[in-house]
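Novice: File target_39.pdb below, PDB, C-alpha atoms, pLDDT in the B column:
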ATOM      1  CA  MET A   1     210.917 146.462 133.543  1.00 54.00           C
ATOM      2  CA  LEU A   2     210.840 150.289 133.522  1.00 58.00           C
ATOM      3  CA  VAL A   3     211.351 150.675 137.280  1.00 58.00           C
ATOM      4  CA  PRO A   4     215.187 151.017 137.145  1.00 54.00           C
ATOM      5  CA  PHE A   5     214.809 154.029 134.824  1.00 56.00           C
ATOM      6  CA  PHE A   6     213.019 156.178 137.428  1.00 60.00           C
ATOM      7  CA  SER A   7     214.273 154.669 140.675  1.00 64.00           C
ATOM      8  CA  GLY A   8     217.804 154.217 141.938  1.00 67.00           C
ATOM      9  CA  TYR A   9     216.752 151.759 144.632  1.00 73.00           C
ATOM     10  CA  GLU A  10     216.169 148.029 144.844  1.00 76.00           C
ATOM     11  CA  PRO A  11     212.819 146.834 146.252  1.00 74.00           C
ATOM     12  CA  HIS A  12     214.527 144.970 149.142  1.00 80.00           C
ATOM     13  CA  GLU A  13     217.197 147.606 149.846  1.00 79.00           C
ATOM     14  CA  GLN A  14     217.033 148.566 153.542  1.00 81.00           C
ATOM     15  CA  ASP A  15     218.283 151.623 155.394  1.00 78.00           C
ATOM     16  CA  LEU A  16     217.040 151.610 158.995  1.00 81.00           C
ATOM     17  CA  MET A  17     218.323 155.145 159.484  1.00 81.00           C
ATOM     18  CA  LYS A  18     215.670 156.316 157.002  1.00 82.00           C
ATOM     19  CA  SER A  19     212.741 154.422 158.543  1.00 82.00           C
ATOM     20  CA  PHE A  20     209.489 156.350 157.897  1.00 82.00           C
ATOM     21  CA  SER A  21     211.461 159.266 156.491  1.00 81.00           C
ATOM     22  CA  GLY A  22     208.404 160.818 154.867  1.00 78.00           C
ATOM     23  CA  ILE A  23     208.202 162.295 151.392  1.00 79.00           C
ATOM     24  CA  THR A  24     211.547 163.702 150.243  1.00 78.00           C
ATOM     25  CA  ASN A  25     213.286 164.391 146.942  1.00 79.00           C
ATOM     26  CA  ALA A  26     215.134 161.097 147.327  1.00 73.00           C
ATOM     27  CA  ASN A  27     212.005 159.137 148.339  1.00 75.00           C
ATOM     28  CA  LEU A  28     208.961 160.531 146.556  1.00 79.00           C
ATOM     29  CA  LEU A  29     206.489 158.315 148.437  1.00 81.00           C
ATOM     30  CA  GLY A  30     208.531 158.021 151.610  1.00 79.00           C
ATOM     31  CA  THR A  31     209.989 154.872 153.134  1.00 84.00           C
ATOM     32  CA  ASP A  32     208.597 151.982 155.169  1.00 84.00           C
ATOM     33  CA  HIS A  33     209.599 150.645 158.604  1.00 82.00           C
ATOM     34  CA  PHE A  34     212.770 149.096 157.149  1.00 85.00           C
ATOM     35  CA  GLY A  35     213.723 152.263 155.293  1.00 83.00           C
ATOM     36  CA  ARG A  36     212.828 150.744 151.914  1.00 87.00           C
ATOM     37  CA  ASP A  37     211.753 153.160 149.205  1.00 85.00           C
ATOM     38  CA  MET A  38     207.967 152.942 148.844  1.00 86.00           C
ATOM     39  CA  LEU A  39     207.867 154.191 145.246  1.00 86.00           C
ATOM     40  CA  THR A  40     210.225 151.415 144.178  1.00 87.00           C
ATOM     41  CA  ARG A  41     208.331 148.740 146.097  1.00 89.00           C
ATOM     42  CA  ILE A  42     204.950 149.921 144.797  1.00 89.00           C
ATOM     43  CA  ALA A  43     206.279 149.965 141.213  1.00 87.00           C
ATOM     44  CA  TYR A  44     207.697 146.450 141.508  1.00 89.00           C
ATOM     45  CA  ALA A  45     204.496 145.231 143.208  1.00 89.00           C
ATOM     46  CA  ILE A  46     202.300 146.613 140.410  1.00 89.00           C
ATOM     47  CA  GLN A  47     204.581 145.027 137.817  1.00 88.00           C
ATOM     48  CA  LEU A  48     204.452 141.694 139.677  1.00 87.00           C
ATOM     49  CA  SER A  49     200.659 141.717 140.161  1.00 87.00           C
ATOM     50  CA  PHE A  50     199.966 142.659 136.551  1.00 89.00           C
ATOM     51  CA  SER A  51     202.428 140.106 135.172  1.00 88.00           C
ATOM     52  CA  LEU A  52     201.103 137.253 137.305  1.00 87.00           C
ATOM     53  CA  ALA A  53     197.492 138.178 136.513  1.00 89.00           C
ATOM     54  CA  PHE A  54     198.248 138.361 132.788  1.00 91.00           C
ATOM     55  CA  LEU A  55     199.988 134.968 132.844  1.00 90.00           C
ATOM     56  CA  THR A  56     197.106 133.434 134.806  1.00 89.00           C
ATOM     57  CA  MET A  57     194.569 134.919 132.391  1.00 90.00           C
ATOM     58  CA  LEU A  58     196.414 133.563 129.348  1.00 91.00           C
ATOM     59  CA  THR A  59     196.650 130.036 130.699  1.00 90.00           C
ATOM     60  CA  SER A  60     192.961 130.154 131.609  1.00 91.00           C
ATOM     61  CA  ALA A  61     191.704 131.740 128.391  1.00 91.00           C
ATOM     62  CA  ILE A  62     193.569 129.663 125.808  1.00 91.00           C
ATOM     63  CA  PRO A  63     192.485 126.180 126.980  1.00 90.00           C
ATOM     64  CA  GLY A  64     189.063 127.462 128.049  1.00 91.00           C
ATOM     65  CA  ILE A  65     188.266 128.947 124.644  1.00 90.00           C
ATOM     66  CA  LEU A  66     189.728 126.076 122.608  1.00 90.00           C
ATOM     67  CA  LEU A  67     187.984 123.392 124.685  1.00 91.00           C
ATOM     68  CA  GLY A  68     184.719 125.318 124.505  1.00 89.00           C
ATOM     69  CA  VAL A  69     184.924 125.552 120.720  1.00 88.00           C
ATOM     70  CA  LEU A  70     185.893 121.853 120.507  1.00 88.00           C
ATOM     71  CA  ALA A  71     182.955 120.791 122.701  1.00 88.00           C
ATOM     72  CA  ALA A  72     180.482 122.871 120.697  1.00 87.00           C
ATOM     73  CA  TYR A  73     181.865 121.626 117.381  1.00 84.00           C
ATOM     74  CA  LYS A  74     182.169 117.916 118.173  1.00 83.00           C
ATOM     75  CA  ARG A  75     179.211 117.521 120.554  1.00 82.00           C
ATOM     76  CA  GLY A  76     178.588 113.976 121.798  1.00 82.00           C
ATOM     77  CA  ILE A  77     180.794 112.334 124.423  1.00 89.00           C
ATOM     78  CA  ILE A  78     183.527 114.995 124.192  1.00 86.00           C
ATOM     79  CA  GLU A  79     181.069 117.741 125.111  1.00 84.00           C
ATOM     80  CA  LYS A  80     179.590 115.699 127.956  1.00 89.00           C
ATOM     81  CA  ILE A  81     183.013 114.949 129.505  1.00 90.00           C
ATOM     82  CA  LEU A  82     184.198 118.566 129.280  1.00 88.00           C
ATOM     83  CA  VAL A  83     180.932 119.965 130.633  1.00 88.00           C
ATOM     84  CA  LEU A  84     181.020 117.461 133.519  1.00 89.00           C
ATOM     85  CA  PHE A  85     184.591 118.478 134.371  1.00 88.00           C
ATOM     86  CA  SER A  86     183.638 122.168 134.295  1.00 86.00           C
ATOM     87  CA  ASP A  87     180.641 121.437 136.546  1.00 85.00           C
ATOM     88  CA  ILE A  88     182.933 119.763 139.086  1.00 84.00           C
ATOM     89  CA  ILE A  89     185.273 122.767 139.112  1.00 83.00           C
ATOM     90  CA  LEU A  90     182.323 125.160 139.293  1.00 80.00           C
ATOM     91  CA  ALA A  91     180.911 123.302 142.307  1.00 79.00           C
ATOM     92  CA  LEU A  92     183.911 124.419 144.375  1.00 75.00           C
ATOM     93  CA  PRO A  93     184.147 128.107 145.367  1.00 73.00           C
ATOM     94  CA  GLY A  94     187.038 129.678 143.449  1.00 71.00           C
ATOM     95  CA  LEU A  95     188.934 130.865 146.536  1.00 73.00           C
ATOM     96  CA  LEU A  96     188.568 127.460 148.206  1.00 76.00           C
ATOM     97  CA  LEU A  97     189.982 125.742 145.125  1.00 76.00           C
ATOM     98  CA  VAL A  98     192.983 128.084 145.141  1.00 78.00           C
ATOM     99  CA  LEU A  99     193.509 127.503 148.878  1.00 77.00           C
ATOM    100  CA  LEU A 100     193.529 123.739 148.309  1.00 77.00           C
ATOM    101  CA  PHE A 101     196.409 124.150 145.864  1.00 75.00           C
ATOM    102  CA  VAL A 102     198.256 126.714 147.983  1.00 73.00           C
ATOM    103  CA  ALA A 103     198.063 124.404 151.001  1.00 71.00           C
ATOM    104  CA  PHE A 104     200.702 122.186 149.344  1.00 70.00           C
ATOM    105  CA  ALA A 105     203.294 124.963 149.490  1.00 67.00           C
ATOM    106  CA  PRO A 106     202.276 128.306 151.043  1.00 65.00           C
ATOM    107  CA  GLY A 107     204.109 131.188 149.393  1.00 63.00           C
ATOM    108  CA  ASN A 108     204.933 129.198 146.249  1.00 68.00           C
ATOM    109  CA  PHE A 109     203.519 131.006 143.228  1.00 74.00           C
ATOM    110  CA  LEU A 110     203.373 127.839 141.106  1.00 78.00           C
ATOM    111  CA  TYR A 111     200.544 126.349 143.192  1.00 78.00           C
ATOM    112  CA  LEU A 112     198.829 129.727 143.499  1.00 79.00           C
ATOM    113  CA  TYR A 113     199.026 130.115 139.729  1.00 81.00           C
ATOM    114  CA  LEU A 114     197.693 126.598 139.054  1.00 82.00           C
ATOM    115  CA  GLY A 115     194.774 127.080 141.420  1.00 82.00           C
ATOM    116  CA  LEU A 116     193.804 130.428 139.900  1.00 84.00           C
ATOM    117  CA  SER A 117     194.104 129.141 136.331  1.00 85.00           C
ATOM    118  CA  LEU A 118     191.985 126.083 137.083  1.00 84.00           C
ATOM    119  CA  SER A 119     189.235 128.171 138.697  1.00 84.00           C
ATOM    120  CA  LEU A 120     189.186 130.851 135.969  1.00 87.00           C
ATOM    121  CA  TRP A 121     189.188 128.653 132.839  1.00 88.00           C
ATOM    122  CA  VAL A 122     185.581 127.554 133.473  1.00 89.00           C
ATOM    123  CA  GLU A 123     184.219 131.014 132.630  1.00 88.00           C
ATOM    124  CA  PHE A 124     185.994 131.013 129.278  1.00 91.00           C
ATOM    125  CA  PHE A 125     184.835 127.459 128.574  1.00 91.00           C
ATOM    126  CA  ARG A 126     181.181 128.108 129.440  1.00 90.00           C
ATOM    127  CA  VAL A 127     180.911 131.323 127.442  1.00 91.00           C
ATOM    128  CA  SER A 128     182.836 130.019 124.425  1.00 91.00           C
ATOM    129  CA  ILE A 129     180.773 126.815 124.160  1.00 90.00           C
ATOM    130  CA  ALA A 130     177.484 128.746 124.339  1.00 89.00           C
ATOM    131  CA  LYS A 131     178.643 131.407 121.895  1.00 89.00           C
ATOM    132  CA  THR A 132     180.084 128.854 119.447  1.00 88.00           C
ATOM    133  CA  LYS A 133     176.850 126.844 119.417  1.00 87.00           C
ATOM    134  CA  SER A 134     174.916 129.973 118.487  1.00 87.00           C
ATOM    135  CA  ILE A 135     177.415 130.798 115.721  1.00 85.00           C
ATOM    136  CA  LEU A 136     177.358 127.275 114.233  1.00 82.00           C
ATOM    137  CA  VAL A 137     173.631 127.493 113.461  1.00 82.00           C
ATOM    138  CA  GLU A 138     174.036 130.717 111.497  1.00 82.00           C
ATOM    139  CA  PRO A 139     173.242 130.446 107.743  1.00 85.00           C
ATOM    140  CA  TYR A 140     176.627 131.818 106.692  1.00 83.00           C
ATOM    141  CA  ILE A 141     178.395 128.923 108.458  1.00 81.00           C
ATOM    142  CA  GLU A 142     176.326 126.393 106.524  1.00 78.00           C
ATOM    143  CA  SER A 143     177.019 128.301 103.293  1.00 85.00           C
ATOM    144  CA  THR A 144     180.742 128.192 103.987  1.00 81.00           C
ATOM    145  CA  ARG A 145     180.571 124.420 104.513  1.00 80.00           C
ATOM    146  CA  LEU A 146     178.621 123.903 101.283  1.00 82.00           C
ATOM    147  CA  LEU A 147     181.290 125.857  99.409  1.00 81.00           C
ATOM    148  CA  GLY A 148     183.814 123.262 100.559  1.00 78.00           C
ATOM    149  CA  PHE A 149     185.813 125.254 103.112  1.00 77.00           C
ATOM    150  CA  SER A 150     187.501 123.256 105.845  1.00 79.00           C
ATOM    151  CA  SER A 151     186.624 123.261 109.549  1.00 77.00           C
ATOM    152  CA  PHE A 152     189.930 124.980 110.272  1.00 81.00           C
ATOM    153  CA  TYR A 153     189.000 127.811 107.895  1.00 82.00           C
ATOM    154  CA  ILE A 154     185.595 128.206 109.582  1.00 82.00           C
ATOM    155  CA  LEU A 155     187.278 128.241 113.006  1.00 82.00           C
ATOM    156  CA  LYS A 156     189.932 130.767 112.012  1.00 81.00           C
ATOM    157  CA  LYS A 157     187.874 133.124 109.864  1.00 82.00           C
ATOM    158  CA  GLN A 158     184.380 132.948 111.323  1.00 83.00           C
ATOM    159  CA  ILE A 159     184.169 131.475 114.826  1.00 83.00           C
ATOM    160  CA  LEU A 160     187.219 132.992 116.566  1.00 84.00           C
ATOM    161  CA  PRO A 161     186.624 136.547 115.212  1.00 85.00           C
ATOM    162  CA  SER A 162     183.027 136.336 116.487  1.00 85.00           C
ATOM    163  CA  LEU A 163     184.273 135.251 119.918  1.00 86.00           C
ATOM    164  CA  TYR A 164     186.872 138.026 120.146  1.00 85.00           C
ATOM    165  CA  PRO A 165     184.778 140.868 121.696  1.00 85.00           C
ATOM    166  CA  VAL A 166     183.201 138.828 124.489  1.00 87.00           C
ATOM    167  CA  MET A 167     186.452 136.981 125.235  1.00 87.00           C
ATOM    168  CA  LEU A 168     188.359 140.268 125.510  1.00 87.00           C
ATOM    169  CA  THR A 169     185.854 141.380 128.118  1.00 87.00           C
ATOM    170  CA  LEU A 170     186.249 138.087 129.984  1.00 89.00           C
ATOM    171  CA  CYS A 171     190.045 138.457 129.879  1.00 90.00           C
ATOM    172  CA  ALA A 172     189.815 141.828 131.624  1.00 89.00           C
ATOM    173  CA  PHE A 173     187.499 140.404 134.289  1.00 89.00           C
ATOM    174  CA  ALA A 174     189.787 137.392 134.771  1.00 89.00           C
ATOM    175  CA  MET A 175     192.809 139.631 135.313  1.00 90.00           C
ATOM    176  CA  SER A 176     190.854 141.691 137.859  1.00 89.00           C
ATOM    177  CA  THR A 177     189.870 138.525 139.708  1.00 87.00           C
ATOM    178  CA  ALA A 178     193.462 137.264 139.669  1.00 88.00           C
ATOM    179  CA  ILE A 179     194.865 140.548 141.031  1.00 89.00           C
ATOM    180  CA  ILE A 180     192.341 140.607 143.889  1.00 88.00           C
ATOM    181  CA  ALA A 181     192.928 136.906 144.654  1.00 85.00           C
ATOM    182  CA  ILE A 182     196.724 137.254 144.691  1.00 85.00           C
ATOM    183  CA  SER A 183     196.536 140.298 146.978  1.00 86.00           C
ATOM    184  CA  THR A 184     193.979 138.667 149.283  1.00 83.00           C
ATOM    185  CA  LEU A 185     195.900 135.405 149.634  1.00 81.00           C
ATOM    186  CA  SER A 186     199.162 137.267 150.258  1.00 80.00           C
ATOM    187  CA  ALA A 187     197.417 139.399 152.891  1.00 78.00           C
ATOM    188  CA  ILE A 188     196.222 136.319 154.822  1.00 76.00           C
ATOM    189  CA  GLY A 189     199.688 134.775 154.676  1.00 73.00           C
ATOM    190  CA  VAL A 190     199.243 131.955 152.155  1.00 73.00           C
ATOM    191  CA  GLY A 191     200.162 133.814 148.968  1.00 71.00           C
ATOM    192  CA  LEU A 192     203.430 135.524 148.119  1.00 75.00           C
ATOM    193  CA  GLN A 193     205.484 136.098 151.252  1.00 74.00           C
ATOM    194  CA  PRO A 194     207.553 139.072 152.498  1.00 72.00           C
ATOM    195  CA  PRO A 195     210.015 140.507 151.625  1.00 75.00           C
ATOM    196  CA  THR A 196     208.539 140.094 148.095  1.00 77.00           C
ATOM    197  CA  ALA A 197     207.153 143.447 146.964  1.00 82.00           C
ATOM    198  CA  GLU A 198     203.473 142.500 146.580  1.00 84.00           C
ATOM    199  CA  LEU A 199     200.562 144.845 147.226  1.00 86.00           C
ATOM    200  CA  GLY A 200     198.592 142.574 149.565  1.00 85.00           C
ATOM    201  CA  SER A 201     201.579 141.565 151.698  1.00 85.00           C
ATOM    202  CA  MET A 202     202.732 145.210 151.878  1.00 87.00           C
ATOM    203  CA  ILE A 203     199.409 146.183 153.492  1.00 87.00           C
ATOM    204  CA  VAL A 204     199.804 143.498 156.178  1.00 85.00           C
ATOM    205  CA  GLU A 205     203.463 144.401 156.788  1.00 86.00           C
ATOM    206  CA  LEU A 206     202.579 148.037 157.406  1.00 86.00           C
ATOM    207  CA  MET A 207     199.312 147.489 159.301  1.00 86.00           C
ATOM    208  CA  PRO A 208     200.949 147.593 162.803  1.00 85.00           C
ATOM    209  CA  TYR A 209     202.138 151.119 161.974  1.00 85.00           C
ATOM    210  CA  PHE A 210     198.731 152.412 160.849  1.00 85.00           C
ATOM    211  CA  GLU A 211     198.503 155.067 163.583  1.00 84.00           C
ATOM    212  CA  GLU A 212     201.979 156.397 162.768  1.00 83.00           C
ATOM    213  CA  GLU A 213     201.838 156.206 158.956  1.00 82.00           C
ATOM    214  CA  PRO A 214     198.248 155.646 157.740  1.00 85.00           C
ATOM    215  CA  PHE A 215     199.158 156.906 154.263  1.00 87.00           C
ATOM    216  CA  LEU A 216     201.668 154.073 153.726  1.00 86.00           C
ATOM    217  CA  VAL A 217     199.094 151.447 154.730  1.00 86.00           C
ATOM    218  CA  VAL A 218     196.438 152.868 152.412  1.00 88.00           C
ATOM    219  CA  LEU A 219     198.858 153.381 149.481  1.00 89.00           C
ATOM    220  CA  PRO A 220     198.994 149.729 148.266  1.00 89.00           C
ATOM    221  CA  SER A 221     195.189 149.538 148.573  1.00 89.00           C
ATOM    222  CA  ILE A 222     194.839 152.589 146.318  1.00 91.00           C
ATOM    223  CA  PHE A 223     196.950 150.950 143.626  1.00 90.00           C
ATOM    224  CA  ILE A 224     194.995 147.672 143.860  1.00 90.00           C
ATOM    225  CA  PHE A 225     191.831 149.734 143.381  1.00 91.00           C
ATOM    226  CA  LEU A 226     193.301 151.608 140.397  1.00 91.00           C
ATOM    227  CA  LEU A 227     194.546 148.409 138.739  1.00 89.00           C
ATOM    228  CA  VAL A 228     191.188 146.671 139.080  1.00 89.00           C
ATOM    229  CA  LEU A 229     189.257 149.796 138.069  1.00 90.00           C
ATOM    230  CA  SER A 230     191.296 150.217 134.893  1.00 88.00           C
ATOM    231  CA  LEU A 231     190.654 146.582 133.928  1.00 86.00           C
ATOM    232  CA  GLN A 232     186.930 146.913 134.678  1.00 84.00           C
ATOM    233  CA  LEU A 233     186.737 149.983 132.442  1.00 85.00           C
ATOM    234  CA  ILE A 234     188.436 148.019 129.660  1.00 79.00           C
ATOM    235  CA  ALA A 235     185.952 145.180 130.201  1.00 74.00           C
ATOM    236  CA  LYS A 236     182.999 147.550 129.840  1.00 70.00           C
ATOM    237  CA  LYS A 237     184.317 149.114 126.642  1.00 63.00           C
ATOM    238  CA  ASP A 238     182.179 148.437 123.576  1.00 52.00           C
ATOM    239  CA  TYR A 239     184.074 146.694 120.785  1.00 50.00           C
TER     240      TYR A 239
END
Give the structure from the file, written as structure tokens.
Specialist:
Amino acid sequence: MLVPFFSGYEPHEQDLMKSFSGITNANLLGTDHFGRDMLTRIAYAIQLSFSLAFLTMLTSAIPGILLGVLAAYKRGIIEKILVLFSDIILALPGLLLVLLFVAFAPGNFLYLYLGLSLSLWVEFFRVSIAKTKSILVEPYIESTRLLGFSSFYILKKQILPSLYPVMLTLCAFAMSTAIIAISTLSAIGVGLQPPTAELGSMIVELMPYFEEEPFLVVLPSIFIFLLVLSLQLIAKKDY
């Protein structure tokens, strides 16, 4: 969203006369083999990776947390069905599950997004069900029930606030996982496809020119590292 304010280029704008022009006042990080401005493409790629990871995290966290709380609260057949479903998902390696979805339409983010969300929601479900069960046996929960407060009140005022710190940490880890998965799948040719400005696909595009411009090949990797590192530091923060 802020890219147009500091860059006068479009991410797909080509100028073959400026191929590998190096760092100049007009191109602060140089240009690639098609003469596209690297600063603009990196900025758009970071924006894309973060946005897709955030969307994936949200659609994993919300159902995962709510279903975990529901299973812990209701117990019985509902808990058994949800736990069985999570066990089935957990039995498949996360990357394999995503690849199964992506196989339907390589390069289509919808299937990539669905696969990632389905593989990531299990963590939220497992942690939320375990944490909720431990909260429900606390004396203050029983006191609140005896005072006549509704289940919705207990959920809103006591259970969800107690889940907040650990779920925030899980959200940061989920976004890190999503960013790495999106970049990895794009790099092996089944994720987002060129000319989309995406960090993983940019590395593969520039790899044949590693001897000529090693800096441009390493540049997207540096930003993947910085994105994941920043999220890991947030995840380790004490709340």
Novice: Considering all atoms listed in the file, state which residue in the set A:Thr31, A:Ser86, A:Ser51, A:Thr184 is at the smallest distance from Ala71 (chain A).
Specialist: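 Distance minimum relative to Ala71 (chain A) lands on A:Ser86.
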Novice: To test your reading of the syntax: which residues would the PyMOL selection byres ((chain A and resi 175) around 9) return for the file shown? Reply as an MDAnalysis selection string.
Specialist: chainID A and resid 50 52:57 170:174 176:180 228 231
Novice: Calculate how many Å separate CA of Leu66 (chain A) from CA of Phe149 (chain A), rounding to one decimal.
Specialist: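 Here the two named atoms are 19.9 Å from each other.
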Novice: Enumerate, in order of chain and increasing residue number, the residues of region 16-130 of chain A with an atom no farther than 8 Å from region 187-208 of chain A, each with its shortest atom pair and distance in Å to one decimal, counting only C-alpha atoms, as CSV.
Specialist:
residue,atom,partner,partner_atom,distance
A:Asp32,CA,A:Leu206,CA,7.5
A:His33,CA,A:Leu206,CA,7.6
A:Arg41,CA,A:Ala197,CA,5.5
A:Ile42,CA,A:Leu199,CA,7.1
A:Tyr44,CA,A:Ala197,CA,6.3
A:Ala45,CA,A:Glu198,CA,4.5
A:Ile46,CA,A:Leu199,CA,7.3
A:Leu48,CA,A:Glu198,CA,7.0
A:Ser49,CA,A:Glu198,CA,7.1
A:Leu99,CA,A:Val190,CA,8.0
A:Val102,CA,A:Val190,CA,6.8
A:Ala103,CA,A:Val190,CA,7.7
A:Pro106,CA,A:Val190,CA,4.9
A:Gly107,CA,A:Leu192,CA,4.6
A:Asn108,CA,A:Leu192,CA,6.8
A:Phe109,CA,A:Leu192,CA,6.7
A:Leu112,CA,A:Gly191,CA,7.0
Novice: Using the selection just defined, write its residues with C-alpha atoms as a PDB file, in the coordinates of the input.
Specialist:
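Listing of again32.pdb after writing:
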ATOM      1  CA  ASP A  32     208.597 151.982 155.169  1.00 84.00           C
ATOM      2  CA  HIS A  33     209.599 150.645 158.604  1.00 82.00           C
ATOM      3  CA  ARG A  41     208.331 148.740 146.097  1.00 89.00           C
ATOM      4  CA  ILE A  42     204.950 149.921 144.797  1.00 89.00           C
ATOM      5  CA  TYR A  44     207.697 146.450 141.508  1.00 89.00           C
ATOM      6  CA  ALA A  45     204.496 145.231 143.208  1.00 89.00           C
ATOM      7  CA  ILE A  46     202.300 146.613 140.410  1.00 89.00           C
ATOM      8  CA  LEU A  48     204.452 141.694 139.677  1.00 87.00           C
ATOM      9  CA  SER A  49     200.659 141.717 140.161  1.00 87.00           C
ATOM     10  CA  LEU A  99     193.509 127.503 148.878  1.00 77.00           C
ATOM     11  CA  VAL A 102     198.256 126.714 147.983  1.00 73.00           C
ATOM     12  CA  ALA A 103     198.063 124.404 151.001  1.00 71.00           C
ATOM     13  CA  PRO A 106     202.276 128.306 151.043  1.00 65.00           C
ATOM     14  CA  GLY A 107     204.109 131.188 149.393  1.00 63.00           C
ATOM     15  CA  ASN A 108     204.933 129.198 146.249  1.00 68.00           C
ATOM     16  CA  PHE A 109     203.519 131.006 143.228  1.00 74.00           C
ATOM     17  CA  LEU A 112     198.829 129.727 143.499  1.00 79.00           C
TER      18      LEU A 112
END
Novice: Pull the neighbourhood of (187.6, 132.9, 114.6) for me: all residues within 12 Å in file coordinates, counting all atoms listed in the file, as a PyMOL selection string.
Specialist: chain A and resi 65-66+69+128+131-132+135-136+141+151-165+167
Novice: Applied to the shown file, which residues does the PyMOL selection byres ((chain A and resi 21) around 10) return, written as a list of chain:residue names?
Specialist: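 Applying the expression gives A:Leu16, A:Met17, A:Lys18, A:Ser19, A:Phe20, A:Gly22, A:Ile23, A:Thr24, A:Asn27, A:Leu29, A:Gly30, A:Thr31, A:Asp32, A:His33, A:Gly35, A:Arg36, A:Asp37.
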Novice: Could you produce a table of the residues of region 104-197 of chain A lying within 12 Å of region 76-81 of chain A, with the nearest pair of atoms per residue and their separation in Å rounded to one decimal, using all atoms listed in the file, ordered by chain and increasing residue number, as a tab-separated table?
Specialist:
residue	atom	partner	partner_atom	distance
A:Phe125	CA	A:Glu79	CA	11.0
A:Arg126	CA	A:Glu79	CA	11.2
A:Ile129	CA	A:Glu79	CA	9.1
A:Ala130	CA	A:Glu79	CA	11.6
A:Lys133	CA	A:Glu79	CA	11.5
Novice: Between CA of Gly64 (chain A) and CA of Gly115 (chain A), what is the distance in Å, rounded to a tenth?
Specialist: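 Atom-to-atom, CA of Gly64 (chain A) and CA of Gly115 (chain A) are spaced 14.5 Å apart.
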Novice: When you draw a straight line from CA of Ile89 (chain A) to CA of Ser119 (chain A), how long is it in Å?
Specialist: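 Computing the Euclidean distance for CA of Ile89 (chain A) and CA of Ser119 (chain A) yields 6.7 Å.
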Novice: Check the smallest atom-to-atom distance from each of A:Ser143, A:Thr59, A:Asn25, A:Thr40 to Glu10 (chain A) using only C-alpha atoms, then report the winner.
Specialist: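 Residue with the minimum atom-to-atom distance to Glu10 (chain A): A:Thr40.
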Novice: Using only C-alpha atoms for the distances, tell me which of A:Val217, A:Ile88, A:Leu82, A:Leu120 is nearest to Met38 (chain A).
Specialist: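 Once distances to Met38 (chain A) are computed over only C-alpha atoms, the minimum belongs to A:Val217.
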Novice: Can you tell me, as a CSV table (one decimal) with C-alpha atoms, in the frame of the given file, which residues sit within 9 Å of (192.7, 126.1, 139.2) in the file's frame, using all atoms listed in the file?
Specialist:
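Final file, result20.csv:
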chain,number,residue,atom,x,y,z
A,60,SER,CA,193.0,130.2,131.6
A,89,ILE,CA,185.3,122.8,139.1
A,94,GLY,CA,187.0,129.7,143.4
A,97,LEU,CA,190.0,125.7,145.1
A,98,VAL,CA,193.0,128.1,145.1
A,101,PHE,CA,196.4,124.2,145.9
A,111,TYR,CA,200.5,126.3,143.2
A,112,LEU,CA,198.8,129.7,143.5
A,113,TYR,CA,199.0,130.1,139.7
A,114,LEU,CA,197.7,126.6,139.1
A,115,GLY,CA,194.8,127.1,141.4
A,116,LEU,CA,193.8,130.4,139.9
A,117,SER,CA,194.1,129.1,136.3
A,118,LEU,CA,192.0,126.1,137.1
A,119,SER,CA,189.2,128.2,138.7
A,120,LEU,CA,189.2,130.9,136.0
A,121,TRP,CA,189.2,128.7,132.8
Novice: Which centre and which edge lengths, in Å to one decimal, describe the axis-aligned box that holds all listed atoms of region 197-203 of chain A after 6 Å is added on each side, as JSON?
Specialist:
{"center_x": 202.9, "center_y": 143.9, "center_z": 150.0, "size_x": 20.6, "size_y": 16.6, "size_z": 18.9}
